[in-house]
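Everything below belongs to coords.txt, which stores compact mmCIF, C-alpha atoms.
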```txt
# COMPACT_ATOMS: atom_id res chain seq x y z
CA MET A 266 4.92 -7.95 22.02
CA GLY A 267 4.79 -4.17 22.12
CA ASP A 268 2.47 -1.77 20.37
CA LEU A 269 3.40 0.37 17.38
CA LEU A 270 2.33 3.97 18.00
CA LEU A 271 2.00 6.39 15.11
CA ALA A 272 1.85 10.17 15.35
CA ARG A 273 1.10 12.31 12.35
CA HIS A 274 2.88 15.65 12.50
CA GLY A 275 0.94 18.78 13.40
CA GLU A 276 -0.63 21.09 10.86
CA THR A 277 1.47 22.95 8.29
CA GLU A 278 0.23 25.65 5.95
CA TRP A 279 0.08 23.16 3.09
CA SER A 280 -1.70 20.43 5.08
CA ARG A 281 -4.23 23.07 6.17
CA THR A 282 -4.95 23.97 2.54
CA GLY A 283 -4.84 20.40 1.17
CA ARG A 284 -1.64 20.78 -0.87
CA HIS A 285 0.40 17.60 -1.39
CA THR A 286 3.46 18.05 0.81
CA GLY A 287 6.07 15.38 0.24
CA ARG A 288 9.66 16.55 0.18
CA THR A 289 8.99 20.25 0.76
CA ASP A 290 10.21 20.88 4.30
CA LEU A 291 7.61 23.16 5.87
CA PRO A 292 7.38 24.23 9.52
CA LEU A 293 4.36 23.67 11.74
CA THR A 294 1.77 26.43 11.98
CA PRO A 295 0.96 27.75 15.48
CA ARG A 296 -2.06 25.42 15.43
CA GLY A 297 0.25 22.56 14.41
CA GLU A 298 2.54 23.32 17.33
CA ALA A 299 -0.45 23.24 19.70
CA GLN A 300 -1.56 19.91 18.19
CA ALA A 301 1.93 18.48 18.74
CA GLU A 302 2.02 19.71 22.35
CA SER A 303 -1.40 18.16 22.96
CA LEU A 304 0.06 14.71 22.25
CA ALA A 305 2.30 14.91 25.33
CA PRO A 306 -0.40 13.88 27.85
CA LEU A 307 -1.31 10.88 25.68
CA LEU A 308 2.32 9.75 25.75
CA ALA A 309 3.04 10.59 29.41
CA GLY A 310 4.15 7.59 31.41
CA ARG A 311 4.89 5.48 28.34
CA SER A 312 8.36 4.20 27.63
CA PHE A 313 9.53 3.26 24.18
CA GLY A 314 12.17 0.82 23.05
CA LEU A 315 12.62 2.91 19.91
CA VAL A 316 11.45 6.33 18.72
CA LEU A 317 11.87 7.17 15.03
CA THR A 318 10.89 10.29 13.11
CA SER A 319 10.84 11.35 9.53
CA PRO A 320 13.91 13.51 8.84
CA LEU A 321 11.63 16.42 7.84
CA VAL A 322 11.32 19.31 10.28
CA ARG A 323 7.55 19.09 10.71
CA ALA A 324 7.85 15.54 12.10
CA ARG A 325 10.98 16.17 14.17
CA HIS A 326 9.42 19.29 15.72
CA THR A 327 6.20 17.39 16.46
CA ALA A 328 8.20 14.71 18.30
CA GLN A 329 10.04 17.34 20.31
CA LEU A 330 6.86 19.24 21.26
CA ALA A 331 5.16 15.96 22.21
CA GLY A 332 7.94 15.35 24.73
CA LEU A 333 9.58 12.44 22.94
CA THR A 334 13.27 12.13 23.69
CA GLY A 335 15.96 10.13 21.96
CA ALA A 336 14.19 10.19 18.60
CA GLU A 337 16.26 9.00 15.66
CA PRO A 338 15.66 10.25 12.12
CA GLU A 339 14.61 7.44 9.76
CA PRO A 340 14.78 8.28 6.03
CA GLY A 341 12.17 5.62 5.28
CA LEU A 342 9.57 7.67 7.19
CA ARG A 343 9.68 10.67 4.86
CA GLU A 344 6.38 11.42 3.15
CA TRP A 345 5.29 10.07 -0.24
CA ASP A 346 7.24 11.76 -3.03
CA TYR A 347 4.45 13.47 -5.00
CA GLY A 348 6.71 14.28 -7.95
CA GLY A 349 5.01 16.73 -10.32
CA TYR A 350 2.07 17.08 -7.92
CA GLU A 351 4.14 18.49 -5.06
CA GLY A 352 2.37 21.56 -3.68
CA ILE A 353 -0.81 20.98 -5.71
CA THR A 354 -4.24 20.10 -4.32
CA THR A 355 -6.29 17.11 -5.47
CA ALA A 356 -8.98 19.49 -6.77
CA ASP A 357 -6.40 21.27 -8.96
CA ILE A 358 -5.04 17.97 -10.28
CA ARG A 359 -8.55 16.78 -11.17
CA ARG A 360 -9.14 19.88 -13.30
CA THR A 361 -6.72 18.43 -15.84
CA ARG A 362 -7.01 14.74 -14.85
CA PRO A 363 -10.66 14.06 -13.97
CA GLY A 364 -11.06 11.14 -11.59
CA TRP A 365 -7.38 11.11 -10.61
CA ASP A 366 -6.66 9.05 -7.50
CA LEU A 367 -3.27 9.02 -5.75
CA TRP A 368 -3.74 5.44 -4.58
CA THR A 369 -4.33 3.94 -8.02
CA ASP A 370 -2.89 6.47 -10.48
CA GLY A 371 0.26 7.56 -8.67
CA VAL A 372 2.08 10.73 -9.67
CA PRO A 373 4.12 11.98 -12.65
CA PRO A 374 7.78 12.87 -12.21
CA GLY A 375 8.48 16.48 -11.31
CA ARG A 376 11.39 18.79 -12.09
CA GLU A 377 12.89 18.41 -8.63
CA PHE A 378 11.30 15.19 -7.38
CA PRO A 379 10.98 11.87 -9.26
CA GLY A 380 7.69 10.83 -7.62
CA GLU A 381 6.74 7.45 -6.16
CA SER A 382 4.14 4.80 -6.86
CA PRO A 383 2.08 3.31 -4.03
CA GLU A 384 4.21 0.16 -4.34
CA GLU A 385 7.44 2.14 -3.88
CA VAL A 386 6.04 3.80 -0.75
CA GLY A 387 4.98 0.33 0.42
CA GLU A 388 8.54 -0.94 -0.03
CA ARG A 389 9.84 1.88 2.17
CA ALA A 390 7.16 1.14 4.77
CA ASP A 391 8.15 -2.54 4.73
CA ARG A 392 11.79 -1.60 5.40
CA VAL A 393 10.73 0.54 8.38
CA LEU A 394 8.57 -2.30 9.71
CA SER A 395 11.53 -4.68 9.39
CA ARG A 396 13.71 -2.23 11.29
CA VAL A 397 11.27 -1.92 14.21
CA ALA A 398 10.35 -5.64 14.41
CA GLY A 399 13.10 -6.49 16.91
CA ALA A 400 12.29 -3.54 19.16
CA LEU A 401 8.59 -4.53 19.21
CA ASP A 402 9.52 -7.89 20.76
CA GLY A 403 9.96 -6.29 24.16
CA ALA A 404 8.65 -2.74 24.06
CA ASP A 405 6.43 -0.19 22.39
CA VAL A 406 7.79 1.66 19.35
CA MET A 407 6.89 5.24 18.40
CA LEU A 408 6.92 6.56 14.81
CA VAL A 409 6.37 10.26 14.04
CA ALA A 410 5.81 10.93 10.37
CA HIS A 411 3.31 11.94 7.68
CA GLY A 412 -0.26 11.16 6.70
CA HIS A 413 0.06 9.15 3.51
CA LEU A 414 3.23 7.34 4.56
CA LEU A 415 1.69 6.27 7.88
CA ARG A 416 -1.46 5.13 6.10
CA VAL A 417 0.60 2.92 3.77
CA LEU A 418 2.66 1.66 6.73
CA THR A 419 -0.57 0.75 8.54
CA ALA A 420 -1.84 -1.16 5.53
CA ARG A 421 1.44 -3.06 5.26
CA ARG A 422 1.49 -3.85 9.02
CA LEU A 423 -2.00 -5.32 8.64
CA GLY A 424 -0.90 -7.43 5.66
CA LEU A 425 -2.77 -5.33 3.10
CA PRO A 426 -1.45 -3.90 -0.20
CA PRO A 427 -0.05 -0.34 -0.07
CA ALA A 428 -3.10 1.12 -1.84
CA ALA A 429 -5.29 -0.07 1.07
CA GLY A 430 -3.84 2.92 2.94
CA ARG A 431 -6.73 4.82 1.35
CA LEU A 432 -8.97 3.21 4.01
CA PHE A 433 -7.22 4.93 6.93
CA ARG A 434 -7.88 8.67 6.95
CA LEU A 435 -5.32 10.25 9.27
CA GLU A 436 -5.66 13.75 10.73
CA THR A 437 -2.80 16.09 11.65
CA GLY A 438 -1.58 16.04 15.23
CA THR A 439 -3.13 12.69 16.12
CA LEU A 440 -1.96 9.49 17.76
CA SER A 441 -2.82 6.00 16.53
CA ARG A 442 -1.90 2.58 17.89
CA LEU A 443 -1.40 -0.74 16.11
CA SER A 444 -1.44 -3.75 18.38
CA LEU A 445 -1.99 -7.50 18.25
CA GLU A 446 -5.05 -9.60 18.88
CA HIS A 447 -4.49 -13.37 18.92
CA ASP A 448 -1.08 -12.73 17.35
CA SER A 449 -2.56 -10.82 14.39
CA PRO A 450 -1.92 -7.09 13.79
CA VAL A 451 -4.97 -4.88 14.44
CA VAL A 452 -5.85 -1.21 14.70
CA ALA A 453 -6.31 -0.57 18.42
CA GLU A 454 -6.75 3.25 18.28
CA TRP A 455 -6.99 5.72 15.41
CA ASN A 456 -6.88 9.54 15.19
CA THR A 457 -6.75 9.94 18.97
CA ARG A 458 -6.60 13.44 20.41
CA PRO A 459 -6.82 14.49 24.06
```
As structure tokens:
Amino acid sequence: MGDLLLARHGETEWSRTGRHTGRTDLPLTPRGEAQAESLAPLLAGRSFGLVLTSPLVRARHTAQLAGLTGAEPEPGLREWDYGGYEGITTADIRRTRPGWDLWTDGVPPGREFPGESPEEVGERADRVLSRVAGALDGADVMLVAHGHLLRVLTARRLGLPPAAGRLFRLETGTLSRLSLEHDSPVVAEWNTRP
């Protein structure tokens, strides 16, 4: 059974400033590009049975700069739809909603984006995991996507509820690896940088 490798895209202006960036398609900053390029040595010599990326430019560009070839866009890997909180920081949200927590409270609908609950993000993550299951039988699989989505996907891979993604802080431009131990999914590496 292969390993499931996860790369969070490099830094964007909004990730740098803590703004919720779901559907807004932002480019990498120069630092984000350097982070993406720094993943290449960690991936050198590895072969993948399947490489999937979020359709958003920050993830696709990260995959390209990391030297991943043959990547396919996977709509299920797009980031959490933050609805009315798109582009807003947690601190700003808590000024009007003290104690707000993405993982338990979710988001309100926005003008442009409907928003998603943790359970809806979990359903998308489950569909991605179903898609990659066959490829994992004989090879490693690489996913390049976004912080909150990958955290939910990790929780689901480990058999946890979507909201357990809160337990897995994930930095920009990092590589993580989910593996098996005695046939059970485990976190083998997390937030790896060269």
Here atom CA of Pro373 of chain A and atom CA of Val393 of chain A stand apart by 24.8 Å
May I ask which of the residues A:Asp290, A:Glu436, A:Glu298, A:Asp402 is the closest one to Arg416 of chain A, counting only C-alpha atoms?
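Selected residue with least distance to Arg416 of chain A: A:Glu436.
Across A:Leu308, A:Leu440, A:Leu315, A:Ala301, the tightest approach to Val452 of chain A is made by A:Leu440 when counting only C-alpha atoms.
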How close does segment 329-352 of chain A get to segment 405-412 of chain A? List, as a tab-separated table, each residue of segment 329-352 of chain A within 10 Å, its nearest atom pair and the distance in Å to one decimal, counting all atoms listed in the file.
```
residue	atom	partner	partner_atom	distance
A:Leu333	CA	A:Met407	CA	8.9
A:Ala336	CA	A:Met407	CA	8.8
A:Glu337	CA	A:Leu408	CA	9.7
A:Pro338	CA	A:Val409	CA	9.5
A:Glu339	CA	A:Leu408	CA	9.2
A:Gly341	CA	A:Ala410	CA	9.7
A:Leu342	CA	A:Ala410	CA	5.9
A:Arg343	CA	A:Ala410	CA	6.7
A:Glu344	CA	A:His411	CA	5.5
A:Trp345	CA	A:His411	CA	8.4
```
What does the distance between atom CA of Pro450 of chain A and atom CA of Gly332 of chain A come to in Å, to one decimal place?
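Computing it gives 26.8 Å between the two atoms.
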Skipping near chain neighbours, those fewer than 3 positions away, what residues fall within 12 Å of segment 390-392 of chain A using all atoms listed in the file, listed as an NGL selection string?
:A and (319 or 339-345 or 383-387 or 395-398 or 408 or 410-411 or 413-427 or 430)
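Take the candidates A:Val316, A:Ala272, A:Ala305, A:Leu321 and check each one against Arg288 of chain A using only C-alpha atoms; the shortest distance goes to A:Leu321.
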Nearest to Thr286 of chain A by atom-to-atom distance, counting all atoms listed in the file, from A:Phe433, A:Trp365, A:Phe378, A:Tyr347:
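Comparing A:Phe433, A:Trp365, A:Phe378, A:Tyr347 against Thr286 of chain A, the winner is A:Tyr347.
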Quick one: pull the distance between atom CA of Gly438 of chain A and atom CA of Gly364 of chain A, Å, one decimal.
28.9 Å
Among A:His326, A:Leu401, A:Phe313, A:Ala356, Glu276 of chain A is approached most closely, using all atoms listed in the file, by A:His326
Which of A:Thr361, A:Val322, A:Thr355, A:Tyr350 sits closest to Gly375 of chain A [using all atoms listed in the file]:
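When distances to Gly375 of chain A are compared using all atoms listed in the file, the smallest one comes from A:Tyr350.
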